[in-house]
file protein_14.cif (mmCIF, C-alpha atoms)
data_work
#
loop_
_atom_site.label_atom_id
_atom_site.label_comp_id
_atom_site.auth_asym_id
_atom_site.auth_seq_id
_atom_site.Cartn_x
_atom_site.Cartn_y
_atom_site.Cartn_z
CA MET A 26 -11.46 156.16 73.17
CA ALA A 27 -8.57 156.59 75.59
CA LEU A 28 -5.85 154.12 76.49
CA SER A 29 -4.07 153.95 79.85
CA ALA A 30 -0.59 153.79 78.23
CA ARG A 31 0.95 157.18 78.99
CA ASN A 32 3.66 157.50 76.34
CA ARG A 33 2.75 158.58 72.82
CA ILE A 34 5.38 159.67 70.31
CA THR A 35 4.21 160.57 66.82
CA GLY A 36 6.54 160.31 63.87
CA LYS A 37 6.99 159.13 60.30
CA ILE A 38 7.95 155.61 59.28
CA GLU A 39 11.41 155.53 57.72
CA GLU A 40 11.84 151.80 57.26
CA ILE A 41 9.96 148.51 57.66
CA GLU A 42 11.70 145.16 57.65
CA PHE A 43 9.62 141.99 57.62
CA GLY A 44 10.62 138.68 59.18
CA GLY A 45 8.58 135.48 59.21
CA VAL A 46 6.35 136.47 62.15
CA VAL A 47 7.43 139.94 63.30
CA ALA A 48 8.35 143.23 61.64
CA HIS A 49 10.91 145.84 62.65
CA VAL A 50 9.57 149.36 62.13
CA THR A 51 11.72 152.49 62.40
CA LEU A 52 10.17 155.94 62.93
CA ARG A 53 11.62 159.40 63.04
CA ALA A 54 9.96 161.74 65.55
CA GLY A 55 11.68 165.11 65.75
CA ASN A 56 15.25 164.36 66.76
CA PHE A 57 14.40 160.89 68.00
CA VAL A 58 14.50 157.57 66.23
CA ILE A 59 12.00 155.06 67.59
CA GLU A 60 12.17 151.36 66.75
CA SER A 61 9.34 148.91 67.26
CA VAL A 62 8.93 145.18 66.85
CA ILE A 63 5.31 144.21 66.21
CA THR A 64 3.74 141.19 64.55
CA LYS A 65 3.89 141.02 60.78
CA ARG A 66 0.12 140.64 60.86
CA SER A 67 -0.38 143.92 62.69
CA ALA A 68 1.95 145.68 60.27
CA GLU A 69 -0.07 144.27 57.38
CA GLU A 70 -3.50 144.94 58.91
CA LEU A 71 -2.49 148.53 59.68
CA ASN A 72 -1.11 148.66 56.14
CA LEU A 73 2.07 150.32 57.42
CA LYS A 74 4.17 151.92 54.70
CA VAL A 75 7.28 154.07 54.65
CA GLY A 76 6.20 157.70 55.00
CA ASP A 77 3.10 156.94 57.12
CA THR A 78 2.54 159.03 60.20
CA VAL A 79 2.13 156.71 63.18
CA THR A 80 2.26 157.02 66.95
CA ALA A 81 4.51 154.86 69.11
CA VAL A 82 2.61 153.88 72.27
CA ILE A 83 4.49 152.66 75.34
CA LYS A 84 3.23 151.62 78.79
CA SER A 85 5.11 153.55 81.47
CA THR A 86 6.14 150.37 83.31
CA GLU A 87 8.24 149.50 80.23
CA VAL A 88 10.36 152.66 80.39
CA MET A 89 13.73 152.44 82.16
CA LEU A 90 15.83 155.46 83.10
CA GLU A 91 19.57 155.93 82.72
CA LYS A 92 21.56 158.66 84.43
CA ASN A 93 25.14 159.60 83.66
CA MET B 27 29.25 149.45 77.33
CA ALA B 28 26.35 149.05 74.91
CA LEU B 29 22.84 147.78 75.61
CA SER B 30 20.66 145.95 73.08
CA ALA B 31 17.61 148.15 73.84
CA ARG B 32 17.21 150.31 70.75
CA ASN B 33 15.20 153.27 71.99
CA ARG B 34 16.92 156.09 73.88
CA ILE B 35 15.20 159.41 74.54
CA THR B 36 17.09 161.99 76.57
CA GLY B 37 15.26 164.66 78.50
CA LYS B 38 14.95 166.53 81.78
CA ILE B 39 13.02 165.32 84.80
CA GLU B 40 10.00 167.52 85.45
CA GLU B 41 8.39 165.59 88.29
CA ILE B 42 8.97 162.59 90.56
CA GLU B 43 6.20 161.05 92.62
CA PHE B 44 7.06 158.34 95.14
CA GLY B 45 4.77 155.49 96.17
CA GLY B 46 5.57 152.74 98.66
CA VAL B 47 7.56 150.58 96.20
CA VAL B 48 7.57 152.36 92.85
CA ALA B 49 8.08 155.91 91.62
CA HIS B 50 6.44 157.76 88.72
CA VAL B 51 8.97 159.91 86.86
CA THR B 52 8.00 162.46 84.19
CA LEU B 53 10.53 163.75 81.65
CA ARG B 54 10.36 166.38 78.99
CA ALA B 55 12.32 165.57 75.83
CA GLY B 56 11.86 168.18 73.11
CA ASN B 57 8.13 168.23 72.40
CA PHE B 58 7.57 164.86 74.03
CA VAL B 59 6.60 163.99 77.57
CA ILE B 60 7.86 160.60 78.71
CA GLU B 61 6.57 158.87 81.83
CA SER B 62 8.28 155.99 83.56
CA VAL B 63 7.46 153.76 86.49
CA ILE B 64 10.58 152.35 88.14
CA THR B 65 11.25 151.04 91.63
CA LYS B 66 11.60 153.60 94.39
CA ARG B 67 14.96 152.00 95.14
CA SER B 68 16.29 152.66 91.65
CA ALA B 69 15.07 156.25 91.82
CA GLU B 70 16.89 156.66 95.12
CA GLU B 71 20.06 154.86 94.08
CA LEU B 72 20.25 156.96 90.89
CA ASN B 73 19.51 159.95 93.13
CA LEU B 74 16.95 161.21 90.61
CA LYS B 75 15.92 164.83 91.13
CA VAL B 76 13.78 167.31 89.23
CA GLY B 77 15.97 169.01 86.64
CA ASP B 78 18.28 166.00 86.10
CA THR B 79 19.07 165.02 82.55
CA VAL B 80 18.23 161.33 82.09
CA THR B 81 17.68 158.98 79.20
CA ALA B 82 14.54 156.87 78.83
CA VAL B 83 15.53 153.43 77.55
CA ILE B 84 12.93 151.16 75.94
CA LYS B 85 13.24 147.69 74.39
CA SER B 86 11.77 147.71 70.89
CA THR B 87 9.46 144.76 71.63
CA GLU B 88 7.64 147.04 74.12
CA VAL B 89 6.74 149.66 71.51
CA MET B 90 3.27 149.46 69.93
CA LEU B 91 2.22 151.45 66.88
CA GLU B 92 -1.04 153.28 66.28
CA LYS B 93 -2.21 154.53 62.90
CA ASN B 94 -5.11 156.88 62.29
CA MET C 2 -7.43 154.83 64.99
CA ALA C 3 -5.99 151.32 65.19
CA LEU C 4 -3.33 150.00 67.55
CA SER C 5 -0.90 147.18 66.72
CA ALA C 6 -1.59 145.38 70.03
CA ARG C 7 -3.54 142.29 69.03
CA ASN C 8 -5.33 141.29 72.23
CA ARG C 9 -8.50 143.09 73.29
CA ILE C 10 -10.76 141.75 76.02
CA THR C 11 -13.78 143.83 76.96
CA GLY C 12 -15.32 143.53 80.40
CA LYS C 13 -16.72 145.37 83.40
CA ILE C 14 -14.64 146.75 86.24
CA GLU C 15 -15.34 144.88 89.48
CA GLU C 16 -12.78 146.49 91.75
CA ILE C 17 -10.17 149.26 91.80
CA GLU C 18 -7.50 149.50 94.48
CA PHE C 19 -5.27 152.56 94.59
CA GLY C 20 -1.68 152.62 95.82
CA GLY C 21 0.61 155.64 95.94
CA VAL C 22 1.61 155.51 92.26
CA VAL C 23 -0.20 152.56 90.67
CA ALA C 24 -3.69 151.10 90.76
CA HIS C 25 -4.83 147.49 90.60
CA VAL C 26 -7.94 147.11 88.44
CA THR C 27 -9.99 143.90 88.23
CA LEU C 28 -12.36 143.23 85.32
CA ARG C 29 -14.82 140.49 84.60
CA ALA C 30 -15.07 139.50 80.94
CA GLY C 31 -17.39 136.56 80.39
CA ASN C 32 -15.92 133.73 82.43
CA PHE C 33 -12.53 135.41 82.71
CA VAL C 34 -11.15 137.69 85.39
CA ILE C 35 -8.55 140.13 84.10
CA GLU C 36 -6.27 142.08 86.40
CA SER C 37 -4.28 145.13 85.37
CA VAL C 38 -1.75 147.37 87.08
CA ILE C 39 -1.70 150.85 85.57
CA THR C 40 -0.60 154.21 86.95
CA LYS C 41 -2.91 155.91 89.40
CA ARG C 42 -2.83 158.90 87.08
CA SER C 43 -4.17 156.93 84.13
CA ALA C 44 -6.91 155.46 86.31
CA GLU C 45 -7.85 158.97 87.40
CA GLU C 46 -7.61 160.55 83.95
CA LEU C 47 -9.76 157.76 82.48
CA ASN C 48 -12.04 158.28 85.47
CA LEU C 49 -12.25 154.52 85.98
CA LYS C 50 -15.08 153.43 88.26
CA VAL C 51 -16.53 150.10 89.33
CA GLY C 52 -19.13 149.09 86.76
CA ASP C 53 -17.40 150.80 83.82
CA THR C 54 -17.03 148.84 80.61
CA VAL C 55 -13.36 148.86 79.60
CA THR C 56 -11.15 146.89 77.26
CA ALA C 57 -7.95 145.20 78.39
CA VAL C 58 -5.30 145.64 75.69
CA ILE C 59 -2.25 143.37 75.60
CA LYS C 60 0.69 143.22 73.16
CA SER C 61 1.11 139.67 71.86
CA THR C 62 4.78 139.51 72.89
CA GLU C 63 3.59 139.74 76.52
CA VAL C 64 1.46 136.59 76.34
CA MET C 65 3.01 133.33 77.55
CA LEU C 66 1.48 129.91 76.96
CA GLU C 67 1.13 127.03 79.39
CA LYS C 68 0.30 123.46 78.40
CA ASN C 69 -0.66 120.66 80.76
CA MET D 5 3.26 125.17 91.92
CA ALA D 6 1.78 128.66 91.69
CA LEU D 7 2.95 131.59 89.59
CA SER D 8 2.53 135.25 90.54
CA ALA D 9 1.14 136.19 87.09
CA ARG D 10 -2.53 136.93 87.72
CA ASN D 11 -4.11 136.50 84.29
CA ARG D 12 -4.90 133.03 82.97
CA ILE D 13 -7.13 132.48 79.95
CA THR D 14 -7.63 128.93 78.76
CA GLY D 15 -8.52 128.20 75.16
CA LYS D 16 -7.84 126.05 72.10
CA ILE D 17 -5.10 126.69 69.58
CA GLU D 18 -6.55 127.67 66.21
CA GLU D 19 -3.37 128.47 64.32
CA ILE D 20 0.41 128.39 64.70
CA GLU D 21 2.74 130.25 62.36
CA PHE D 22 6.47 129.70 62.63
CA GLY D 23 9.13 132.28 61.83
CA GLY D 24 12.88 131.81 62.12
CA VAL D 25 13.07 132.44 65.87
CA VAL D 26 9.54 133.13 67.11
CA ALA D 27 6.10 131.68 66.56
CA HIS D 28 2.71 133.38 66.40
CA VAL D 29 0.05 131.33 68.18
CA THR D 30 -3.68 132.11 68.01
CA LEU D 31 -6.12 130.74 70.59
CA ARG D 32 -9.86 130.88 70.89
CA ALA D 33 -11.15 131.21 74.45
CA GLY D 34 -14.93 131.60 74.60
CA ASN D 35 -15.68 134.73 72.61
CA PHE D 36 -12.11 135.97 72.78
CA VAL D 37 -9.24 135.49 70.39
CA ILE D 38 -5.84 135.58 72.09
CA GLU D 39 -2.60 135.94 70.15
CA SER D 40 0.83 135.18 71.55
CA VAL D 41 4.36 135.49 70.25
CA ILE D 42 6.72 133.02 71.92
CA THR D 43 10.03 131.52 70.84
CA LYS D 44 9.90 128.80 68.22
CA ARG D 45 11.82 126.65 70.67
CA SER D 46 9.16 126.94 73.34
CA ALA D 47 6.46 126.13 70.80
CA GLU D 48 8.43 123.04 69.77
CA GLU D 49 9.34 121.95 73.31
CA LEU D 50 5.70 122.30 74.40
CA ASN D 51 4.82 120.43 71.20
CA LEU D 52 2.05 122.95 70.48
CA LYS D 53 -0.43 121.81 67.85
CA VAL D 54 -3.68 123.16 66.47
CA GLY D 55 -6.48 121.91 68.69
CA ASP D 56 -4.40 121.79 71.87
CA THR D 57 -5.89 123.28 75.02
CA VAL D 58 -3.46 125.82 76.43
CA THR D 59 -3.59 128.67 78.92
CA ALA D 60 -2.45 132.20 78.06
CA VAL D 61 -0.61 133.63 81.08
CA ILE D 62 -0.12 137.40 81.41
CA LYS D 63 1.54 139.48 84.14
CA SER D 64 -0.85 142.19 85.31
CA THR D 65 1.69 144.97 84.70
CA GLU D 66 1.44 144.13 80.96
CA VAL D 67 -2.30 144.81 80.75
CA MET D 68 -3.41 148.26 79.57
CA LEU D 69 -6.97 149.53 79.82
CA GLU D 70 -8.98 151.42 77.23
CA LYS D 71 -12.21 153.28 77.95
CA ASN D 72 -14.61 154.70 75.37
CA MET E 30 2.33 121.77 83.36
CA ALA E 31 4.91 123.63 81.32
CA LEU E 32 5.13 127.36 80.62
CA SER E 33 6.63 128.89 77.47
CA ALA E 34 8.74 131.40 79.46
CA ARG E 35 12.31 130.18 79.03
CA ASN E 36 14.12 131.72 81.99
CA ARG E 37 13.86 130.16 85.44
CA ILE E 38 16.17 131.14 88.28
CA THR E 39 15.60 129.53 91.65
CA GLY E 40 16.70 131.26 94.82
CA LYS E 41 15.78 132.21 98.37
CA ILE E 42 13.81 135.31 99.33
CA GLU E 43 15.97 137.76 101.26
CA GLU E 44 13.56 140.66 101.59
CA ILE E 45 9.97 141.64 100.82
CA GLU E 46 8.78 145.23 100.87
CA PHE E 47 5.08 145.97 100.51
CA GLY E 48 3.60 149.08 98.92
CA GLY E 49 -0.09 149.85 98.50
CA VAL E 50 -0.59 147.72 95.38
CA VAL E 51 2.74 146.11 94.53
CA ALA E 52 5.54 144.39 96.43
CA HIS E 53 9.30 144.42 95.84
CA VAL E 54 10.81 140.98 96.39
CA THR E 55 14.56 140.33 96.51
CA LEU E 56 15.99 136.83 95.96
CA ARG E 57 19.47 135.44 96.19
CA ALA E 58 20.27 132.76 93.61
CA GLY E 59 23.88 131.63 93.77
CA ASN E 60 25.95 134.73 93.15
CA PHE E 61 23.03 136.62 91.65
CA VAL E 62 20.53 138.93 93.27
CA ILE E 63 17.16 138.98 91.53
CA GLU E 64 14.56 141.66 92.18
CA SER E 65 10.91 141.38 91.24
CA VAL E 66 7.92 143.68 91.43
CA ILE E 67 4.65 141.75 91.62
CA THR E 68 1.22 142.66 92.94
CA LYS E 69 0.78 142.71 96.70
CA ARG E 70 -2.09 140.30 96.17
CA SER E 71 0.10 137.72 94.44
CA ALA E 72 2.70 138.05 97.20
CA GLU E 73 -0.03 137.45 99.77
CA GLU E 74 -1.75 134.62 97.89
CA LEU E 75 1.58 132.87 97.40
CA ASN E 76 2.23 133.58 101.08
CA LEU E 77 5.76 134.73 100.25
CA LYS E 78 8.05 134.99 103.27
CA VAL E 79 11.73 135.69 103.78
CA GLY E 80 13.60 132.41 103.46
CA ASP E 81 11.16 130.83 101.00
CA THR E 82 12.60 129.10 97.97
CA VAL E 83 11.00 130.58 94.84
CA THR E 84 11.74 130.64 91.14
CA ALA E 85 12.01 133.85 89.15
CA VAL E 86 10.35 133.32 85.75
CA ILE E 87 11.13 135.67 82.86
CA LYS E 88 9.90 135.66 79.24
CA SER E 89 12.89 135.79 76.89
CA THR E 90 11.55 138.84 75.02
CA GLU E 91 12.04 140.80 78.28
CA VAL E 92 15.77 140.10 78.50
CA MET E 93 18.15 142.73 77.11
CA LEU E 94 21.86 142.16 76.57
CA GLU E 95 24.75 144.47 77.39
CA LYS E 96 28.27 144.06 76.06
CA ASN E 97 31.34 145.91 77.26
CA MET F 21 26.22 155.65 83.52
CA ALA F 22 23.66 153.76 85.57
CA LEU F 23 20.40 152.18 84.43
CA SER F 24 17.30 151.78 86.61
CA ALA F 25 16.83 148.11 85.62
CA ARG F 26 17.75 146.16 88.74
CA ASN F 27 18.62 142.71 87.41
CA ARG F 28 22.00 142.04 85.87
CA ILE F 29 23.27 138.54 85.19
CA THR F 30 26.65 138.18 83.53
CA GLY F 31 27.48 135.08 81.49
CA LYS F 32 28.98 133.71 78.31
CA ILE F 33 27.11 133.33 75.04
CA GLU F 34 26.66 129.67 74.15
CA GLU F 35 24.50 130.01 71.05
CA ILE F 36 23.01 132.62 68.74
CA GLU F 37 20.23 131.84 66.29
CA PHE F 38 19.18 134.46 63.77
CA GLY F 39 15.68 134.88 62.34
CA GLY F 40 14.57 137.51 59.86
CA VAL F 41 14.13 140.32 62.39
CA VAL F 42 15.04 138.91 65.81
CA ALA F 43 17.77 136.73 67.27
CA HIS F 44 17.62 134.13 70.03
CA VAL F 45 20.69 134.32 72.27
CA THR F 46 21.53 131.74 74.93
CA LEU F 47 23.93 132.50 77.80
CA ARG F 48 25.39 130.40 80.56
CA ALA F 49 25.80 132.23 83.86
CA GLY F 50 27.03 129.95 86.63
CA ASN F 51 24.40 127.23 86.92
CA PHE F 52 21.80 129.26 85.08
CA VAL F 53 20.91 129.33 81.40
CA ILE F 54 19.50 132.66 80.27
CA GLU F 55 17.72 133.10 76.95
CA SER F 56 17.06 136.43 75.29
CA VAL F 57 15.23 137.55 72.18
CA ILE F 58 16.58 140.84 70.83
CA THR F 59 16.51 142.41 67.38
CA LYS F 60 18.88 141.00 64.79
CA ARG F 61 20.16 144.53 64.36
CA SER F 62 21.15 144.86 68.00
CA ALA F 63 22.88 141.47 67.87
CA GLU F 64 24.80 142.64 64.80
CA GLU F 65 25.61 146.12 66.13
CA LEU F 66 26.85 144.61 69.40
CA ASN F 67 28.73 142.11 67.26
CA LEU F 68 27.58 139.28 69.52
CA LYS F 69 29.50 136.04 69.06
CA VAL F 70 29.56 132.69 70.81
CA GLY F 71 32.00 132.94 73.71
CA ASP F 72 31.40 136.66 74.36
CA THR F 73 30.84 137.74 77.93
CA VAL F 74 27.60 139.70 78.11
CA THR F 75 25.21 140.82 80.81
CA ALA F 76 21.50 140.05 80.72
CA VAL F 77 19.57 143.10 81.95
CA ILE F 78 15.98 142.76 83.14
CA LYS F 79 13.55 145.34 84.55
CA SER F 80 12.14 144.12 87.86
CA THR F 81 8.51 144.56 86.72
CA GLU F 82 9.18 141.80 84.16
CA VAL F 83 10.12 139.19 86.76
CA MET F 84 7.39 136.80 87.94
CA LEU F 85 7.74 134.50 90.94
CA GLU F 86 6.73 130.87 91.26
CA LYS F 87 6.42 129.00 94.53
CA ASN F 88 5.99 125.25 94.94
#
call {"tool": "encode", "arguments": {"input": "protein_14.cif", "output": "structure tokens"}}
result
Amino acid sequence: MALSARNRITGKIEEIEFGGVVAHVTLRAGNFVIESVITKRSAEELNLKVGDTVTAVIKSTEVMLEKN
Amino acid sequence: MALSARNRITGKIEEIEFGGVVAHVTLRAGNFVIESVITKRSAEELNLKVGDTVTAVIKSTEVMLEKN
Amino acid sequence: MALSARNRITGKIEEIEFGGVVAHVTLRAGNFVIESVITKRSAEELNLKVGDTVTAVIKSTEVMLEKN
Amino acid sequence: MALSARNRITGKIEEIEFGGVVAHVTLRAGNFVIESVITKRSAEELNLKVGDTVTAVIKSTEVMLEKN
Amino acid sequence: MALSARNRITGKIEEIEFGGVVAHVTLRAGNFVIESVITKRSAEELNLKVGDTVTAVIKSTEVMLEKN
Amino acid sequence: MALSARNRITGKIEEIEFGGVVAHVTLRAGNFVIESVITKRSAEELNLKVGDTVTAVIKSTEVMLEKN
């Protein structure tokens, strides 16, 4: 099973904060901190917990670039 | 100047491929490869070149999570 | 392996059109036609061909609703 | 009035869950279940109710593809 | 017919540039310049031409904020 | 510091509504009203307040076009 989304960053969940409908999940991946907002239902169905290893997946059209 | 987008991953451009309207830019950031599709105009205006240090910027609502 | 994206629509590829950097892929899924723009590289790496069965995957924050 | 977004999937609302700022709306469209996160204000202004016929609208650049 | 997307900015098309699969459309709306990348097919089906009045439509989850 | 996102609309914050995880921010920019959903954390870290001048930033691939 392969997905067209080209960006995959694997890390460990450091924090999960639940709202009414969405959840804010924070990962650490090497030196990077990745933050994700997904539905509360997905967080529950995936049974996400602090310490879990998960992969952030991002479609390349969603990635902007900044240059100094 | 601070932007609300919470994900920032700094790396070096390894490859730029230009199409008619958009460009495909590949970065290396530590162990991660990040790929971005932006307009050709932005790539030109930012004068992106292989070897440049740039930061990938991603809104947290665009980040999915995958768990094994 | 489970992804947080909540929308999955499986269909058959009817057409693939390649540009310089991105590809336009058209699926038929029951009565629905689904169109996707992904990178040309992903289309090539997935070896997408007309007639393939593939699943469109969409994050729920990307889905708007229209009411008559 | 025509919109550039190429994906339109019409179905019936099965469930609406309200959070503080956003709402999670679940549709059934033929064999497919479609889930959408929109602002609570849009859900209220459109007066969305279970049983309503609505159309999910998705820009093609937001559609990923998965192949087995 | 009402769409959940909350941002609507009406302006006049100043330029259209076609690539192989997508098109880059530039609008002027009051003092603002708005740029959009849509599929070439949508641009053709909508018969977009320089001088046309069109409305940019943006889902609120796609809008970032920057503060000085 | 320059970002690839091509759309920038500067206005004044008229209203901020906080949910559990995200915030709904409404700007006025000339004749246009712009609405944004960002994380509550970003709204707090940017210390967004009614009356602040902020800039809405939007990637061009997120902009749809509608024609009458």
call {"tool": "residues_around", "arguments": {"input": "protein_14.cif", "residues": "D:Ile13", "least_positions_apart": "2", "cutoff": "12 Å", "atoms": "only C-alpha atoms", "output": "CSV table (one decimal) with C-alpha atoms, keeping the file's coordinate frame"}}
result
chain,number,residue,atom,x,y,z
C,8,ASN,CA,-5.3,141.3,72.2
C,10,ILE,CA,-10.8,141.8,76.0
C,30,ALA,CA,-15.1,139.5,80.9
C,31,GLY,CA,-17.4,136.6,80.4
C,32,ASN,CA,-15.9,133.7,82.4
C,33,PHE,CA,-12.5,135.4,82.7
C,34,VAL,CA,-11.2,137.7,85.4
C,35,ILE,CA,-8.6,140.1,84.1
C,36,GLU,CA,-6.3,142.1,86.4
C,64,VAL,CA,1.5,136.6,76.3
C,65,MET,CA,3.0,133.3,77.6
C,66,LEU,CA,1.5,129.9,77.0
C,67,GLU,CA,1.1,127.0,79.4
C,68,LYS,CA,0.3,123.5,78.4
D,9,ALA,CA,1.1,136.2,87.1
D,10,ARG,CA,-2.5,136.9,87.7
D,11,ASN,CA,-4.1,136.5,84.3
D,15,GLY,CA,-8.5,128.2,75.2
D,16,LYS,CA,-7.8,126.0,72.1
D,31,LEU,CA,-6.1,130.7,70.6
D,32,ARG,CA,-9.9,130.9,70.9
D,33,ALA,CA,-11.2,131.2,74.4
D,34,GLY,CA,-14.9,131.6,74.6
D,35,ASN,CA,-15.7,134.7,72.6
D,36,PHE,CA,-12.1,136.0,72.8
D,37,VAL,CA,-9.2,135.5,70.4
D,38,ILE,CA,-5.8,135.6,72.1
D,39,GLU,CA,-2.6,135.9,70.2
D,40,SER,CA,0.8,135.2,71.6
D,57,THR,CA,-5.9,123.3,75.0
D,58,VAL,CA,-3.5,125.8,76.4
D,59,THR,CA,-3.6,128.7,78.9
D,60,ALA,CA,-2.4,132.2,78.1
D,61,VAL,CA,-0.6,133.6,81.1
D,62,ILE,CA,-0.1,137.4,81.4
D,63,LYS,CA,1.5,139.5,84.1
call {"tool": "interface_residues", "arguments": {"input": "protein_14.cif", "of": "chain B", "to": "chain F", "cutoff": "10 Å", "atoms": "all atoms listed in the file", "output": "list in words"}}
result
Met27, Ala28, Leu29, Ser30, Ala31, Arg32, Val48, Val63, Ile64, Thr65, Lys66, Arg67, Ser68, Ala69, Glu70, Glu71, Leu72, Val80, Thr81, Ala82, Val83, Lys85, Ser86 and Thr87 of chain B
call {"tool": "residues_around", "arguments": {"input": "protein_14.cif", "residues": "C:Glu15", "least_positions_apart": "5", "cutoff": "9 Å", "atoms": "all atoms listed in the file", "output": "list in words"}}
result
Val26, Thr27, Leu28, Arg29, Lys50, Val51, Gly52 and Asp53 of chain C
call {"tool": "calpha_fit_and_write", "arguments": {"input": "protein_14.cif", "fixed": "chain F", "moving": "chain E", "output": "PDB file with C-alpha atoms, in the coordinates of the input"}}
result
ATOM      1  CA  MET E  30      26.217 155.634  83.512  1.00  0.00           C
ATOM      2  CA  ALA E  31      23.666 153.753  85.570  1.00  0.00           C
ATOM      3  CA  LEU E  32      20.400 152.180  84.426  1.00  0.00           C
ATOM      4  CA  SER E  33      17.304 151.780  86.609  1.00  0.00           C
ATOM      5  CA  ALA E  34      16.840 148.104  85.616  1.00  0.00           C
ATOM      6  CA  ARG E  35      17.739 146.160  88.751  1.00  0.00           C
ATOM      7  CA  ASN E  36      18.618 142.716  87.419  1.00  0.00           C
ATOM      8  CA  ARG E  37      22.018 142.052  85.870  1.00  0.00           C
ATOM      9  CA  ILE E  38      23.279 138.543  85.192  1.00  0.00           C
ATOM     10  CA  THR E  39      26.644 138.174  83.514  1.00  0.00           C
ATOM     11  CA  GLY E  40      27.465 135.084  81.507  1.00  0.00           C
ATOM     12  CA  LYS E  41      28.981 133.712  78.317  1.00  0.00           C
ATOM     13  CA  ILE E  42      27.114 133.330  75.034  1.00  0.00           C
ATOM     14  CA  GLU E  43      26.660 129.671  74.137  1.00  0.00           C
ATOM     15  CA  GLU E  44      24.505 130.004  71.043  1.00  0.00           C
ATOM     16  CA  ILE E  45      23.009 132.626  68.734  1.00  0.00           C
ATOM     17  CA  GLU E  46      20.235 131.843  66.284  1.00  0.00           C
ATOM     18  CA  PHE E  47      19.179 134.471  63.765  1.00  0.00           C
ATOM     19  CA  GLY E  48      15.686 134.883  62.344  1.00  0.00           C
ATOM     20  CA  GLY E  49      14.569 137.517  59.854  1.00  0.00           C
ATOM     21  CA  VAL E  50      14.127 140.314  62.404  1.00  0.00           C
ATOM     22  CA  VAL E  51      15.032 138.925  65.818  1.00  0.00           C
ATOM     23  CA  ALA E  52      17.765 136.726  67.268  1.00  0.00           C
ATOM     24  CA  HIS E  53      17.626 134.132  70.049  1.00  0.00           C
ATOM     25  CA  VAL E  54      20.697 134.328  72.273  1.00  0.00           C
ATOM     26  CA  THR E  55      21.533 131.731  74.929  1.00  0.00           C
ATOM     27  CA  LEU E  56      23.931 132.519  77.797  1.00  0.00           C
ATOM     28  CA  ARG E  57      25.380 130.419  80.551  1.00  0.00           C
ATOM     29  CA  ALA E  58      25.796 132.238  83.867  1.00  0.00           C
ATOM     30  CA  GLY E  59      27.011 129.950  86.628  1.00  0.00           C
ATOM     31  CA  ASN E  60      24.405 127.230  86.924  1.00  0.00           C
ATOM     32  CA  PHE E  61      21.794 129.257  85.075  1.00  0.00           C
ATOM     33  CA  VAL E  62      20.916 129.339  81.410  1.00  0.00           C
ATOM     34  CA  ILE E  63      19.512 132.670  80.260  1.00  0.00           C
ATOM     35  CA  GLU E  64      17.718 133.102  76.949  1.00  0.00           C
ATOM     36  CA  SER E  65      17.063 136.431  75.283  1.00  0.00           C
ATOM     37  CA  VAL E  66      15.231 137.545  72.174  1.00  0.00           C
ATOM     38  CA  ILE E  67      16.586 140.831  70.825  1.00  0.00           C
ATOM     39  CA  THR E  68      16.509 142.405  67.382  1.00  0.00           C
ATOM     40  CA  LYS E  69      18.878 140.990  64.790  1.00  0.00           C
ATOM     41  CA  ARG E  70      20.158 144.525  64.358  1.00  0.00           C
ATOM     42  CA  SER E  71      21.148 144.853  68.013  1.00  0.00           C
ATOM     43  CA  ALA E  72      22.871 141.462  67.869  1.00  0.00           C
ATOM     44  CA  GLU E  73      24.798 142.630  64.814  1.00  0.00           C
ATOM     45  CA  GLU E  74      25.604 146.108  66.140  1.00  0.00           C
ATOM     46  CA  LEU E  75      26.848 144.618  69.400  1.00  0.00           C
ATOM     47  CA  ASN E  76      28.741 142.108  67.259  1.00  0.00           C
ATOM     48  CA  LEU E  77      27.581 139.280  69.524  1.00  0.00           C
ATOM     49  CA  LYS E  78      29.503 136.037  69.054  1.00  0.00           C
ATOM     50  CA  VAL E  79      29.563 132.688  70.808  1.00  0.00           C
ATOM     51  CA  GLY E  80      31.975 132.936  73.720  1.00  0.00           C
ATOM     52  CA  ASP E  81      31.406 136.647  74.358  1.00  0.00           C
ATOM     53  CA  THR E  82      30.855 137.747  77.927  1.00  0.00           C
ATOM     54  CA  VAL E  83      27.591 139.711  78.112  1.00  0.00           C
ATOM     55  CA  THR E  84      25.199 140.821  80.812  1.00  0.00           C
ATOM     56  CA  ALA E  85      21.495 140.043  80.723  1.00  0.00           C
ATOM     57  CA  VAL E  86      19.575 143.107  81.956  1.00  0.00           C
ATOM     58  CA  ILE E  87      15.976 142.754  83.139  1.00  0.00           C
ATOM     59  CA  LYS E  88      13.550 145.353  84.546  1.00  0.00           C
ATOM     60  CA  SER E  89      12.139 144.104  87.852  1.00  0.00           C
ATOM     61  CA  THR E  90       8.520 144.566  86.719  1.00  0.00           C
ATOM     62  CA  GLU E  91       9.182 141.791  84.156  1.00  0.00           C
ATOM     63  CA  VAL E  92      10.118 139.186  86.762  1.00  0.00           C
ATOM     64  CA  MET E  93       7.392 136.801  87.942  1.00  0.00           C
ATOM     65  CA  LEU E  94       7.736 134.500  90.936  1.00  0.00           C
ATOM     66  CA  GLU E  95       6.720 130.863  91.251  1.00  0.00           C
ATOM     67  CA  LYS E  96       6.418 128.994  94.528  1.00  0.00           C
ATOM     68  CA  ASN E  97       6.010 125.259  94.940  1.00  0.00           C
TER      69      ASN E  97
END
call {"tool": "resolve_selection", "arguments": {"input": "protein_14.cif", "expression": "the PyMOL selection byres ((chain C and resi 20) around 8)", "output": "list in words"}}
result
Gly45 and Gly46 of chain B; Glu18, Phe19, Gly21, Val22, Val23, Ala24, His25 and Lys41 of chain C; Gly48, Gly49, Val50 and Val51 of chain E
